[in-house]
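Chemist: I am sharing entry09.txt, which consists of compact mmCIF, C-alpha atoms and all ligand atoms:
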# COMPACT_ATOMS: atom_id res chain seq x y z
CA MET T 1 117.88 97.91 85.69
CA ALA T 2 115.77 98.55 82.58
CA GLU T 3 118.85 97.84 80.46
CA LEU T 4 118.78 94.29 81.90
CA GLY T 5 115.27 93.90 80.45
CA TYR T 6 113.79 93.94 83.94
CA SER T 7 110.45 95.58 84.76
CA PRO T 8 109.49 95.58 88.48
CA GLY T 9 106.27 93.63 89.04
CA LEU T 10 106.56 92.55 85.37
CA ALA T 11 104.64 95.78 84.59
CA GLY T 12 104.18 96.08 80.84
CA VAL T 13 105.72 92.65 80.21
CA VAL T 14 103.80 90.18 78.02
CA ALA T 15 104.23 86.91 79.96
CA GLY T 16 102.20 84.61 77.70
CA ALA T 17 99.50 84.34 75.06
CA THR T 18 95.86 83.55 75.85
CA ARG T 19 92.58 83.01 74.01
CA ILE T 20 90.54 83.36 77.20
CA SER T 21 90.21 87.10 77.74
CA SER T 22 91.59 90.43 76.60
CA VAL T 23 92.11 93.23 79.10
CA GLY T 24 92.83 96.79 78.07
CA GLN T 25 91.68 100.36 78.42
CA ALA T 26 89.45 99.81 75.37
CA GLY T 27 87.51 97.10 77.20
CA LEU T 28 87.38 93.64 78.70
CA ARG T 29 86.28 90.68 76.61
CA TYR T 30 85.80 87.05 77.58
CA ARG T 31 86.66 84.96 74.50
CA GLY T 32 85.84 87.93 72.29
CA TYR T 33 82.54 88.88 73.93
CA ASP T 34 82.27 92.35 75.46
CA ILE T 35 81.88 92.16 79.25
CA ALA T 36 79.09 94.76 79.28
CA LYS T 37 77.01 92.66 76.86
CA LEU T 38 77.68 89.46 78.81
CA ALA T 39 76.75 91.18 82.08
CA GLU T 40 73.48 92.31 80.52
CA THR T 41 72.44 89.08 78.87
CA VAL T 42 73.90 85.91 80.43
CA CYS T 43 74.22 84.24 83.83
CA PHE T 44 77.35 83.05 85.67
CA GLU T 45 76.91 79.44 84.53
CA GLU T 46 76.99 80.58 80.89
CA VAL T 47 80.22 82.49 81.61
CA LEU T 48 81.65 79.40 83.33
CA HIS T 49 80.88 77.34 80.21
CA LEU T 50 82.32 80.05 77.95
CA LEU T 51 85.58 80.20 79.90
CA VAL T 52 86.10 76.49 80.54
CA TYR T 53 84.64 75.01 77.30
CA GLY T 54 85.45 77.93 74.98
CA GLU T 55 81.90 78.76 73.82
CA LEU T 56 78.61 79.94 75.29
CA PRO T 57 76.38 76.93 76.00
CA THR T 58 73.35 75.91 74.01
CA ARG T 59 70.15 75.45 76.03
CA ARG T 60 70.91 71.73 76.39
CA GLN T 61 74.53 72.31 77.39
CA LEU T 62 73.42 74.84 80.01
CA ALA T 63 70.91 72.38 81.48
CA PHE T 64 73.62 69.69 81.55
CA LEU T 65 76.10 72.10 83.21
CA ARG T 66 73.51 72.99 85.88
CA ASP T 67 72.87 69.30 86.56
CA THR T 68 76.61 68.64 86.84
CA LEU T 69 77.06 71.55 89.26
CA MET T 70 74.19 70.13 91.31
CA GLU T 71 75.74 66.66 91.28
CA PHE T 72 79.00 68.07 92.68
CA ARG T 73 77.61 70.41 95.36
CA ARG T 74 77.55 67.94 98.22
CA LEU T 75 80.82 67.98 100.20
CA PRO T 76 82.60 64.78 101.35
CA ARG T 77 82.03 64.08 105.07
CA PRO T 78 85.75 64.32 106.07
CA VAL T 79 85.93 67.78 104.47
CA VAL T 80 82.80 68.89 106.36
CA ASP T 81 84.38 67.63 109.59
CA VAL T 82 87.51 69.72 109.01
CA LEU T 83 85.39 72.78 108.11
CA ARG T 84 83.67 72.34 111.47
CA SER T 85 86.88 71.86 113.45
CA ILE T 86 89.10 74.76 112.26
CA PRO T 87 89.11 77.51 114.97
CA THR T 88 86.27 79.96 114.29
CA ASP T 89 88.51 83.04 114.23
CA THR T 90 90.51 81.68 111.24
CA ASP T 91 90.45 83.86 108.12
CA LEU T 92 87.98 82.32 105.67
CA MET T 93 90.53 82.54 102.86
CA ASP T 94 92.90 80.38 104.92
CA VAL T 95 90.08 77.92 105.56
CA LEU T 96 89.35 77.82 101.86
CA ARG T 97 93.01 77.25 100.95
CA THR T 98 93.23 74.32 103.39
CA THR T 99 89.92 72.72 102.52
CA VAL T 100 90.30 73.01 98.74
CA SER T 101 93.60 71.18 99.20
CA LEU T 102 91.87 68.55 101.35
CA LEU T 103 89.01 68.28 98.86
CA GLY T 104 91.60 67.20 96.27
CA HIS T 105 91.85 63.83 98.07
CA TYR T 106 88.15 63.19 97.36
CA ASP T 107 88.10 64.20 93.69
CA PRO T 108 85.24 62.28 92.05
CA THR T 109 86.53 63.09 88.54
CA HIS T 110 89.23 61.08 86.83
CA GLY T 111 91.93 61.49 84.20
CA ASP T 112 94.07 64.34 82.93
CA THR T 113 92.89 65.04 79.40
CA PRO T 114 91.63 68.61 78.78
CA ASP T 115 88.06 67.25 78.90
CA ASP T 116 88.76 65.58 82.26
CA LEU T 117 90.15 68.90 83.50
CA ARG T 118 86.99 70.67 82.31
CA ARG T 119 84.83 68.31 84.34
CA ARG T 120 87.17 68.78 87.33
CA SER T 121 86.76 72.57 86.89
CA ILE T 122 82.97 72.24 87.24
CA TRP T 123 83.44 70.08 90.34
CA LEU T 124 85.76 72.71 91.86
CA THR T 125 83.34 75.54 91.06
CA ALA T 126 80.43 73.71 92.68
CA SER T 127 82.47 72.56 95.69
CA ILE T 128 84.08 75.93 96.44
CA ALA T 129 80.65 77.59 96.71
CA SER T 130 79.57 74.83 99.10
CA LEU T 131 82.77 75.16 101.17
CA ILE T 132 82.22 78.89 101.63
CA ALA T 133 78.59 78.47 102.63
CA ALA T 134 79.19 75.53 104.98
CA ARG T 135 82.02 77.29 106.78
CA HIS T 136 79.93 80.46 107.11
CA ARG T 137 77.19 78.44 108.76
CA PHE T 138 79.55 76.65 111.16
CA VAL T 139 81.04 79.96 112.29
CA ASN T 140 77.49 81.15 112.99
CA ARG T 141 76.65 77.94 114.92
CA LEU T 142 74.43 76.62 112.14
CA GLU T 143 74.57 73.33 110.27
CA PRO T 144 75.30 73.29 106.52
CA LEU T 145 72.29 72.91 104.26
CA ASP T 146 71.59 70.35 101.59
CA PRO T 147 71.76 71.84 98.11
CA GLN T 148 68.40 72.86 96.67
CA PRO T 149 67.81 71.39 93.19
CA GLY T 150 66.54 73.78 90.54
CA LEU T 151 68.31 76.93 91.69
CA ALA T 152 70.78 78.90 89.58
CA HIS T 153 74.35 79.05 90.91
CA ALA T 154 74.02 82.52 92.50
CA GLU T 155 70.67 81.59 94.07
CA GLU T 156 72.11 78.34 95.35
CA LEU T 157 75.02 80.17 96.94
CA LEU T 158 72.69 82.56 98.75
CA PHE T 159 70.37 79.71 99.72
CA GLN T 160 73.23 77.67 101.19
CA LEU T 161 74.45 80.73 103.13
CA HIS T 162 71.14 81.94 104.52
CA GLY T 163 68.73 79.01 104.28
CA GLU T 164 66.13 81.00 102.34
CA THR T 165 65.40 81.26 98.63
CA PRO T 166 66.89 84.68 97.85
CA ASP T 167 64.90 87.52 96.34
CA GLU T 168 65.44 88.13 92.65
CA GLN T 169 67.35 91.39 93.03
CA ALA T 170 69.86 89.95 95.51
CA ALA T 171 70.46 86.89 93.32
CA ARG T 172 70.92 89.08 90.26
CA LEU T 173 73.51 91.27 92.04
CA ILE T 174 75.48 88.23 93.21
CA ASP T 175 75.25 86.72 89.73
CA LEU T 176 76.53 89.99 88.24
CA SER T 177 79.47 90.13 90.66
CA LEU T 178 80.33 86.49 89.80
CA ILE T 179 80.26 87.31 86.07
CA LEU T 180 82.46 90.38 86.51
CA TYR T 181 85.02 88.69 88.77
CA ALA T 182 85.28 85.48 86.71
CA GLU T 183 88.28 86.23 84.52
CA HIS T 184 90.96 88.88 84.05
CA ASP T 185 93.91 87.52 82.03
CA PHE T 186 97.36 87.40 83.65
CA ASN T 187 96.52 88.89 87.07
CA ALA T 188 98.66 87.75 90.02
CA SER T 189 96.53 84.75 91.08
CA THR T 190 95.92 83.50 87.53
CA PHE T 191 99.61 83.84 86.74
CA THR T 192 100.35 81.84 89.92
CA ALA T 193 97.98 79.09 88.75
CA ARG T 194 99.59 79.06 85.30
CA VAL T 195 103.12 78.85 86.74
CA ILE T 196 102.07 75.86 88.87
CA ALA T 197 100.32 74.21 85.90
CA SER T 198 103.39 74.81 83.72
CA THR T 199 105.37 72.31 85.83
CA ARG T 200 102.76 69.61 84.91
CA SER T 201 101.48 69.74 88.49
CA ASP T 202 97.73 69.18 89.02
CA LEU T 203 94.66 71.41 88.79
CA VAL T 204 93.89 71.37 92.53
CA SER T 205 97.48 72.44 93.38
CA ALA T 206 97.18 75.31 90.89
CA ILE T 207 93.89 76.48 92.45
CA VAL T 208 95.29 76.25 96.00
CA GLY T 209 98.25 78.42 94.96
CA ALA T 210 95.92 80.89 93.26
CA ILE T 211 93.80 81.19 96.42
CA GLY T 212 96.95 82.10 98.37
CA ALA T 213 97.81 84.80 95.82
CA LEU T 214 94.26 86.20 95.70
CA LYS T 215 94.13 86.64 99.48
CA GLY T 216 96.56 89.59 99.50
CA PRO T 217 95.12 93.11 99.97
CA LEU T 218 96.70 94.35 96.74
CA HIS T 219 94.65 91.73 94.86
CA GLY T 220 91.39 90.02 95.94
CA GLY T 221 91.71 91.06 99.57
CA ALA T 222 91.02 94.66 98.50
CA ASN T 223 87.21 94.20 98.53
CA GLU T 224 87.26 93.39 102.27
CA ARG T 225 89.64 96.27 103.03
CA ALA T 226 87.48 98.66 101.00
CA MET T 227 84.42 97.76 103.09
CA GLU T 228 86.37 98.07 106.34
CA MET T 229 87.27 101.59 105.22
CA LEU T 230 83.67 102.49 104.22
CA ALA T 231 82.29 101.08 107.47
CA GLN T 232 84.23 103.62 109.56
CA PHE T 233 82.18 106.56 108.28
CA HIS T 234 78.88 107.84 109.64
CA THR T 235 78.57 110.72 107.18
CA PRO T 236 79.92 111.72 103.75
CA ASP T 237 81.86 114.52 105.50
CA ASP T 238 83.74 111.93 107.59
CA ALA T 239 84.63 110.10 104.38
CA ALA T 240 85.74 113.29 102.62
CA ALA T 241 87.98 114.25 105.58
CA PHE T 242 89.52 110.76 105.56
CA ILE T 243 90.31 110.95 101.84
CA THR T 244 91.90 114.40 102.17
CA ARG T 245 94.22 113.01 104.85
CA ALA T 246 94.92 109.81 102.88
CA LEU T 247 95.84 111.78 99.76
CA GLU T 248 98.14 114.09 101.77
CA ARG T 249 99.88 111.08 103.31
CA LYS T 250 100.01 109.27 99.93
CA ASP T 251 98.23 106.27 101.51
CA LYS T 252 96.89 103.56 99.21
CA VAL T 253 93.08 103.63 99.18
CA MET T 254 91.72 100.10 98.83
CA GLY T 255 89.41 99.45 95.88
CA PHE T 256 91.13 102.10 93.73
CA GLY T 257 93.78 101.92 91.03
CA HIS T 258 94.70 99.20 88.60
CA ARG T 259 97.87 98.09 86.86
CA VAL T 260 96.18 97.95 83.45
CA TYR T 261 93.14 100.27 83.68
CA ARG T 262 94.57 103.71 84.18
CA ASN T 263 91.37 105.53 83.09
CA GLY T 264 88.76 103.41 84.83
CA ASP T 265 87.71 99.79 85.21
CA HIS T 266 84.72 98.87 83.00
CA ARG T 267 83.67 96.17 85.45
CA ALA T 268 83.44 98.74 88.24
CA GLU T 269 81.23 100.98 86.09
CA ILE T 270 78.87 98.09 85.31
CA LEU T 271 78.52 97.03 88.95
CA GLU T 272 78.32 100.61 90.20
CA ALA T 273 75.30 101.27 87.95
CA ALA T 274 73.53 98.18 89.36
CA LEU T 275 74.56 99.16 92.90
CA ARG T 276 73.06 102.65 92.48
CA ARG T 277 69.74 101.19 91.32
CA HIS T 278 69.75 98.76 94.24
CA ALA T 279 70.69 101.45 96.79
CA GLU T 280 67.73 103.54 95.66
CA THR T 281 65.20 100.76 96.28
CA ALA T 282 67.00 99.59 99.45
CA GLY T 283 66.89 103.08 101.06
CA ALA T 284 70.70 103.23 101.13
CA ALA T 285 71.20 106.78 99.86
CA LYS T 286 73.52 107.53 102.80
CA TRP T 287 75.86 104.73 101.74
CA MET T 288 75.98 105.98 98.15
CA ALA T 289 76.79 109.48 99.43
CA ILE T 290 79.71 108.06 101.45
CA TYR T 291 80.80 106.04 98.40
CA ASP T 292 80.78 109.20 96.25
CA ALA T 293 82.58 111.24 98.92
CA ILE T 294 85.51 108.85 98.48
CA LYS T 295 85.27 108.27 94.76
CA THR T 296 84.94 111.91 93.61
CA PRO T 297 88.22 113.27 95.09
CA MET T 298 90.08 110.10 94.11
CA VAL T 299 89.05 110.58 90.47
CA THR T 300 89.13 114.38 90.20
CA GLU T 301 92.16 115.16 92.38
CA LYS T 302 94.27 112.05 91.94
CA GLY T 303 93.03 110.66 88.61
CA ILE T 304 92.71 107.22 90.24
CA HIS T 305 89.49 105.35 89.46
CA PRO T 306 87.66 102.67 91.47
CA ASN T 307 88.36 99.10 90.49
CA LEU T 308 85.71 96.37 90.75
CA ASP T 309 86.44 95.82 94.46
CA PHE T 310 85.07 99.22 95.48
CA PRO T 311 81.46 98.90 94.21
CA CYS T 312 81.55 95.18 95.02
CA ALA T 313 82.34 95.86 98.68
CA LEU T 314 79.28 98.09 99.10
CA THR T 315 77.09 95.78 97.01
CA TYR T 316 77.87 92.83 99.27
CA HIS T 317 77.37 95.02 102.36
CA LEU T 318 73.92 96.13 101.18
CA LEU T 319 73.06 92.44 100.66
CA ASN T 320 73.89 91.90 104.37
CA LEU T 321 76.88 89.69 103.62
CA PRO T 322 79.60 89.77 106.31
CA VAL T 323 82.95 91.20 105.20
CA ASP T 324 84.90 87.96 105.66
CA LEU T 325 82.89 86.43 102.80
CA TYR T 326 83.90 89.04 100.20
CA THR T 327 87.25 87.65 99.05
CA PRO T 328 86.01 84.02 99.23
CA LEU T 329 83.11 85.06 96.94
CA PHE T 330 85.74 86.41 94.56
CA VAL T 331 87.29 82.90 94.64
CA ALA T 332 83.85 81.34 93.97
CA SER T 333 83.84 83.26 90.71
CA ARG T 334 87.51 83.49 89.66
CA VAL T 335 87.89 79.72 89.95
CA ALA T 336 86.28 79.65 86.49
CA GLY T 337 89.03 81.81 84.98
CA TRP T 338 91.80 80.01 86.88
CA CYS T 339 90.62 76.62 85.59
CA ALA T 340 90.37 77.90 82.01
CA HIS T 341 93.95 79.20 82.25
CA VAL T 342 95.26 75.97 83.76
CA ILE T 343 93.71 74.01 80.87
CA GLU T 344 95.21 76.44 78.35
CA GLN T 345 98.59 76.16 80.07
CA VAL T 346 98.43 72.35 80.10
CA GLU T 347 97.70 72.38 76.36
CA GLU T 348 100.61 74.77 75.78
CA ASP T 349 102.93 72.62 77.94
CA LYS T 350 105.73 75.14 78.36
CA LEU T 351 107.49 75.49 81.71
CA TYR T 352 107.66 79.00 83.18
CA ARG T 353 111.26 79.68 84.08
CA PRO T 354 112.16 83.38 83.77
CA LEU T 355 115.52 84.94 84.59
CA SER T 356 116.43 87.37 87.35
CA ALA T 357 118.77 90.34 87.33
CA TYR T 358 121.36 89.66 90.04
CA VAL T 359 121.98 92.81 92.13
CA GLY T 360 123.83 91.30 95.11
CA GLU T 361 127.48 91.19 96.16
CA PRO T 362 130.15 90.94 93.43
CA PRO T 363 132.13 87.68 93.28
CA ARG T 364 134.11 87.22 96.55
CA PRO T 365 136.13 84.52 98.28
CA VAL T 366 134.55 82.34 101.01
CA PRO T 367 136.18 83.53 104.27
CA PRO T 368 137.33 80.96 106.82
CA MET T 369 135.23 80.78 110.03
CA SER T 370 138.01 82.62 111.97
CA ALA T 371 137.75 85.64 109.63
CA ARG T 372 133.92 86.14 109.73
N1 LIG A 401 95.30 104.82 96.38
C1 LIG A 401 96.11 105.89 96.35
N2 LIG A 401 97.10 106.04 95.43
C2 LIG A 401 97.24 105.06 94.54
C3 LIG A 401 96.43 103.93 94.52
C4 LIG A 401 95.42 103.82 95.50
N3 LIG A 401 94.62 102.77 95.54
N4 LIG A 401 96.80 103.12 93.52
C5 LIG A 401 97.82 103.72 92.93
N5 LIG A 401 98.11 104.89 93.54
C6 LIG A 401 99.15 105.83 93.19
C7 LIG A 401 100.47 105.36 93.77
O1 LIG A 401 100.68 105.87 95.07
C8 LIG A 401 101.45 105.93 92.78
O2 LIG A 401 101.59 107.31 93.02
P1 LIG A 401 103.02 108.04 92.81
O3 LIG A 401 103.32 107.87 91.34
O4 LIG A 401 102.74 109.42 93.24
O5 LIG A 401 103.98 107.29 93.69
C9 LIG A 401 100.73 105.77 91.44
O6 LIG A 401 99.32 105.80 91.75
C10 LIG A 401 101.05 104.46 90.72
O7 LIG A 401 100.76 103.39 91.62
P2 LIG A 401 101.47 101.99 91.65
O8 LIG A 401 101.27 101.37 93.00
O9 LIG A 401 102.88 102.12 91.16
O10 LIG A 401 100.64 101.21 90.57
P3 LIG A 401 100.61 99.66 90.41
O11 LIG A 401 100.22 99.41 89.00
O12 LIG A 401 101.85 99.01 90.91
O13 LIG A 401 99.46 99.26 91.44
C11 LIG A 401 97.58 98.42 92.45
C12 LIG A 401 98.25 98.72 91.12
C13 LIG A 401 96.26 97.74 92.16
C14 LIG A 401 98.47 97.46 93.26
C15 LIG A 401 97.37 99.72 93.25
O14 LIG A 401 96.57 100.59 92.51
C16 LIG A 401 96.80 99.48 94.63
O15 LIG A 401 97.55 99.15 95.56
N6 LIG A 401 95.43 99.60 94.78
C17 LIG A 401 94.81 99.33 96.04
C18 LIG A 401 94.52 97.85 96.20
C19 LIG A 401 93.42 97.38 95.30
O16 LIG A 401 92.37 97.97 95.20
N7 LIG A 401 93.69 96.24 94.64
C20 LIG A 401 92.74 95.61 93.75
C21 LIG A 401 93.24 95.70 92.35
S1 LIG A 401 92.02 95.12 91.19
For the file at hand, write its structure as structure tokens.
Modeler:
Amino acid sequence: MAELGYSPGLAGVVAGATRISSVGQAGLRYRGYDIAKLAETVCFEEVLHLLVYGELPTRRQLAFLRDTLMEFRRLPRPVVDVLRSIPTDTDLMDVLRTTVSLLGHYDPTHGDTPDDLRRRSIWLTASIASLIAARHRFVNRLEPLDPQPGLAHAEELLFQLHGETPDEQAARLIDLSLILYAEHDFNASTFTARVIASTRSDLVSAIVGAIGALKGPLHGGANERAMEMLAQFHTPDDAAAFITRALERKDKVMGFGHRVYRNGDHRAEILEAALRRHAETAGAAKWMAIYDAIKTPMVTEKGIHPNLDFPCALTYHLLNLPVDLYTPLFVASRVAGWCAHVIEQVEEDKLYRPLSAYVGEPPRPVPPMSAR
């Protein structure tokens, strides 16, 4: 098949050019800035501005962005009604896919210039956080909360979920996870969004498609599956026994491996360091021992490193977030990268239309009904 120029899963294929991020074993950069430096020094809103507008914001631009996010946080009443009415056992990613689509009918932004799309991106980022929080509260028989002016995006998200101003450490961990998840070049969901945008469809359609792609356990769904795996174990020995069996059976371990990072995911290292510091103060040494009982044999025996989903799963767990929120929180962040890519794709204006290698039946005559 290789002679046909076909690579399964498009592995190793360059499918487009981007100015938004660079992903490689040497490091991850958002618009040229090293992810480790960004994670250390900026907040999610600054990353959102960097991705969508192309540059880090000035102090005034950041204040304006925060005000715009605030302006867009309140959900339209018909959307709230649907959030309330969807059966409570529905997967939150499915709820998000449906309600982002519905939200598109109440878009307060107008026009289709790149600047209009930037403003629509900020509206989507604000609204998606509110959708997640409101749905979480309905499922727990609570009413959604009004947004709280003056909070940073991560704080606001935690406030809208729990109804309390979050402590600094929890807000910082959520902010860090949002920064690290925000953008990752041509991953499956971003590529989906770009393909949709390439037909000159609209931004909301591209984001709805991307949500569907992110849901899968080989992509964004891995953080939930990783926590479901971790939650089975009472001791590090249980975890070690599980991994021995999984490696023998050649099972896929969720939260490990990456198409591009074969020697480790920088984002995972950054979050893992923050997670270890948090676990120490939160009295969660047992959880870190279970985490290491899985990670160590995966790395030393199999040479497969954790990706961001593995430390993220435990981070969210230690912040008392229920598992069904994990992939939606990934959406709350990645929407920034998706929107940036849609805008780039719109500016490029080139339809995606690859070829396929036909491997079916050779040419044959159509048999009459009596001969089938
Ligand atoms: N657990 C166990 N083995 C794994 C593994 C994992 N998570 N990820 C890869 N491998 C093994 C494969 O079994 C395969 O082994 P083999 O050569 O002996 O058959 C080898 O590593 C190559 O894996 P492959 O699935 O071909 O790599 P890929 O580039 O297609 O897959 C992922 C990348 C992300 C789909 C894959 O690593 C995976 O399924 N990970 C779990 C899901 C996950 O965490 N996704 C989030 C990604 S950010």
Chemist: Would you work out the distance separating atom CA of Leu355 of chain T from atom N4 of ligand LIG 401 (chain A), expressed in Å to one decimal?
Modeler: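 Computing the Euclidean distance for atom CA of Leu355 of chain T and atom N4 of ligand LIG 401 (chain A) yields 27.6 Å.
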Chemist: Residues up to 6 Å from ligand LIG 401 (chain A), counting only C-alpha atoms and all ligand atoms: could you list those as a list in words?
Modeler: Leu218, His219, Ala222, Lys250, Asp251, Lys252, Val253, Met254, Gly255, Phe256, Gly257, His258, Arg259 and Asn307 of chain T
Chemist: For Leu319 of chain T, which of T:Arg267, T:Gly212, T:Leu158, T:Asp185 is the closest residue, counting only C-alpha atoms?
Modeler: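 For Leu319 of chain T, the nearest of the given residues is T:Leu158.
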Chemist: Nearest to Asp349 of chain T: which of T:Arg194, T:His266, T:Arg276, T:Arg66 is it, counting all atoms listed in the file?
Modeler: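 For Asp349 of chain T, the nearest of the given residues is T:Arg194.
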Chemist: Need the shell around His153 of chain T: protein/DNA/RNA residues with any atom at most 12 Å away, counting all atoms listed in the file. Skip same-chain ones fewer than 6 positions apart. Format as an NGL selection string?
Modeler: :T and (43-48 or 62 or 65-70 or 73 or 122 or 125-130 or 147 or 159-160 or 166 or 171-172 or 174-176 or 178-179 or 332-333)
Chemist: Would you compute the distance between atom CA of Thr165 of chain T and atom CA of Gly221 of chain T? Give it in Å to one decimal.
Modeler: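 Interatomic distance, atom CA of Thr165 of chain T to atom CA of Gly221 of chain T: 28.1 Å.
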Chemist: Could I get the residues of segment 79-178 of chain T with an atom no further than 12 Å from an atom of segment 207-210 of chain T, each paired with its nearest atom pair and that distance in Å to one decimal, using all atoms listed in the file, sorted by chain and residue number, as CSV?
Modeler:
residue,atom,partner,partner_atom,distance
T:Met93,CA,T:Val208,CA,10.5
T:Asp94,CA,T:Val208,CA,10.1
T:Val95,CA,T:Val208,CA,11.0
T:Leu96,CA,T:Val208,CA,8.5
T:Arg97,CA,T:Val208,CA,5.5
T:Thr98,CA,T:Val208,CA,7.9
T:Thr99,CA,T:Val208,CA,9.2
T:Val100,CA,T:Val208,CA,6.6
T:Ser101,CA,T:Val208,CA,6.2
T:Leu102,CA,T:Val208,CA,10.0
T:Leu103,CA,T:Val208,CA,10.5
T:Gly104,CA,T:Val208,CA,9.8
T:Arg120,CA,T:Ile207,CA,11.4
T:Ser121,CA,T:Ile207,CA,9.9
T:Leu124,CA,T:Ile207,CA,9.0
T:Thr125,CA,T:Ile207,CA,10.7
T:Ile128,CA,T:Ile207,CA,10.6
Chemist: Between T:Pro322, T:Pro362, T:Gly12, T:Pro306, which residue has the minimum interatomic distance to Asp265 of chain T, considering only C-alpha atoms?
Modeler: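 Between T:Pro322, T:Pro362, T:Gly12, T:Pro306, the residue approaching Asp265 of chain T most closely is T:Pro306.
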Chemist: Which polymer residues have any atom within 12 Å of an atom of Asp202 of chain T, counting only C-alpha atoms, with same-chain residues fewer than 3 positions away left out, as number ranges by chain?
Modeler: T: 101, 104, 107, 110-114, 116-117, 120-121, 193-199, 205-209, 339, 342-343, 345-346
Chemist: Rebuild all heavy atoms on segment 33-38 of chain T, as a JSON list (two decimals), in the coordinates of the input?
Modeler:
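Dumped everything to selection.json:
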[["chain", "number", "residue", "atom", "x", "y", "z"],
["T", 33, "TYR", "N", 83.82, 88.23, 73.61],
["T", 33, "TYR", "CA", 82.54, 88.88, 73.93],
["T", 33, "TYR", "C", 82.75, 90.02, 74.92],
["T", 33, "TYR", "O", 83.41, 89.85, 75.95],
["T", 33, "TYR", "CB", 81.55, 87.88, 74.56],
["T", 33, "TYR", "CG", 81.14, 86.77, 73.64],
["T", 33, "TYR", "CD1", 81.48, 85.45, 73.94],
["T", 33, "TYR", "CD2", 80.39, 87.02, 72.50],
["T", 33, "TYR", "CE1", 81.10, 84.40, 73.10],
["T", 33, "TYR", "CE2", 80.01, 85.97, 71.66],
["T", 33, "TYR", "CZ", 80.37, 84.67, 71.96],
["T", 33, "TYR", "OH", 79.99, 83.65, 71.13],
["T", 34, "ASP", "N", 82.14, 91.16, 74.62],
["T", 34, "ASP", "CA", 82.27, 92.35, 75.46],
["T", 34, "ASP", "C", 81.64, 92.08, 76.84],
["T", 34, "ASP", "O", 80.50, 91.59, 76.92],
["T", 34, "ASP", "CB", 81.57, 93.52, 74.76],
["T", 34, "ASP", "CG", 81.68, 94.78, 75.58],
["T", 34, "ASP", "OD1", 82.77, 95.06, 76.10],
["T", 34, "ASP", "OD2", 80.64, 95.47, 75.74],
["T", 35, "ILE", "N", 82.35, 92.45, 77.90],
["T", 35, "ILE", "CA", 81.88, 92.16, 79.25],
["T", 35, "ILE", "C", 80.53, 92.85, 79.56],
["T", 35, "ILE", "O", 79.68, 92.28, 80.25],
["T", 35, "ILE", "CB", 82.95, 92.53, 80.32],
["T", 35, "ILE", "CG1", 82.57, 92.04, 81.71],
["T", 35, "ILE", "CG2", 83.25, 94.01, 80.35],
["T", 35, "ILE", "CD1", 82.49, 90.57, 81.89],
["T", 36, "ALA", "N", 80.35, 94.05, 79.00],
["T", 36, "ALA", "CA", 79.09, 94.76, 79.28],
["T", 36, "ALA", "C", 77.91, 93.98, 78.71],
["T", 36, "ALA", "O", 76.84, 93.87, 79.33],
["T", 36, "ALA", "CB", 79.14, 96.17, 78.70],
["T", 37, "LYS", "N", 78.09, 93.43, 77.51],
["T", 37, "LYS", "CA", 77.01, 92.66, 76.86],
["T", 37, "LYS", "C", 76.77, 91.36, 77.63],
["T", 37, "LYS", "O", 75.62, 90.95, 77.84],
["T", 37, "LYS", "CB", 77.40, 92.32, 75.42],
["T", 37, "LYS", "CG", 76.90, 93.34, 74.45],
["T", 37, "LYS", "CD", 75.40, 93.13, 74.18],
["T", 37, "LYS", "CE", 74.79, 94.32, 73.46],
["T", 37, "LYS", "NZ", 73.94, 95.18, 74.29],
["T", 38, "LEU", "N", 77.85, 90.70, 78.04],
["T", 38, "LEU", "CA", 77.68, 89.46, 78.81],
["T", 38, "LEU", "C", 76.93, 89.77, 80.11],
["T", 38, "LEU", "O", 75.99, 89.06, 80.49],
["T", 38, "LEU", "CB", 79.05, 88.84, 79.13],
["T", 38, "LEU", "CG", 79.81, 88.21, 77.96],
["T", 38, "LEU", "CD1", 81.23, 87.82, 78.38],
["T", 38, "LEU", "CD2", 79.07, 86.97, 77.43]]
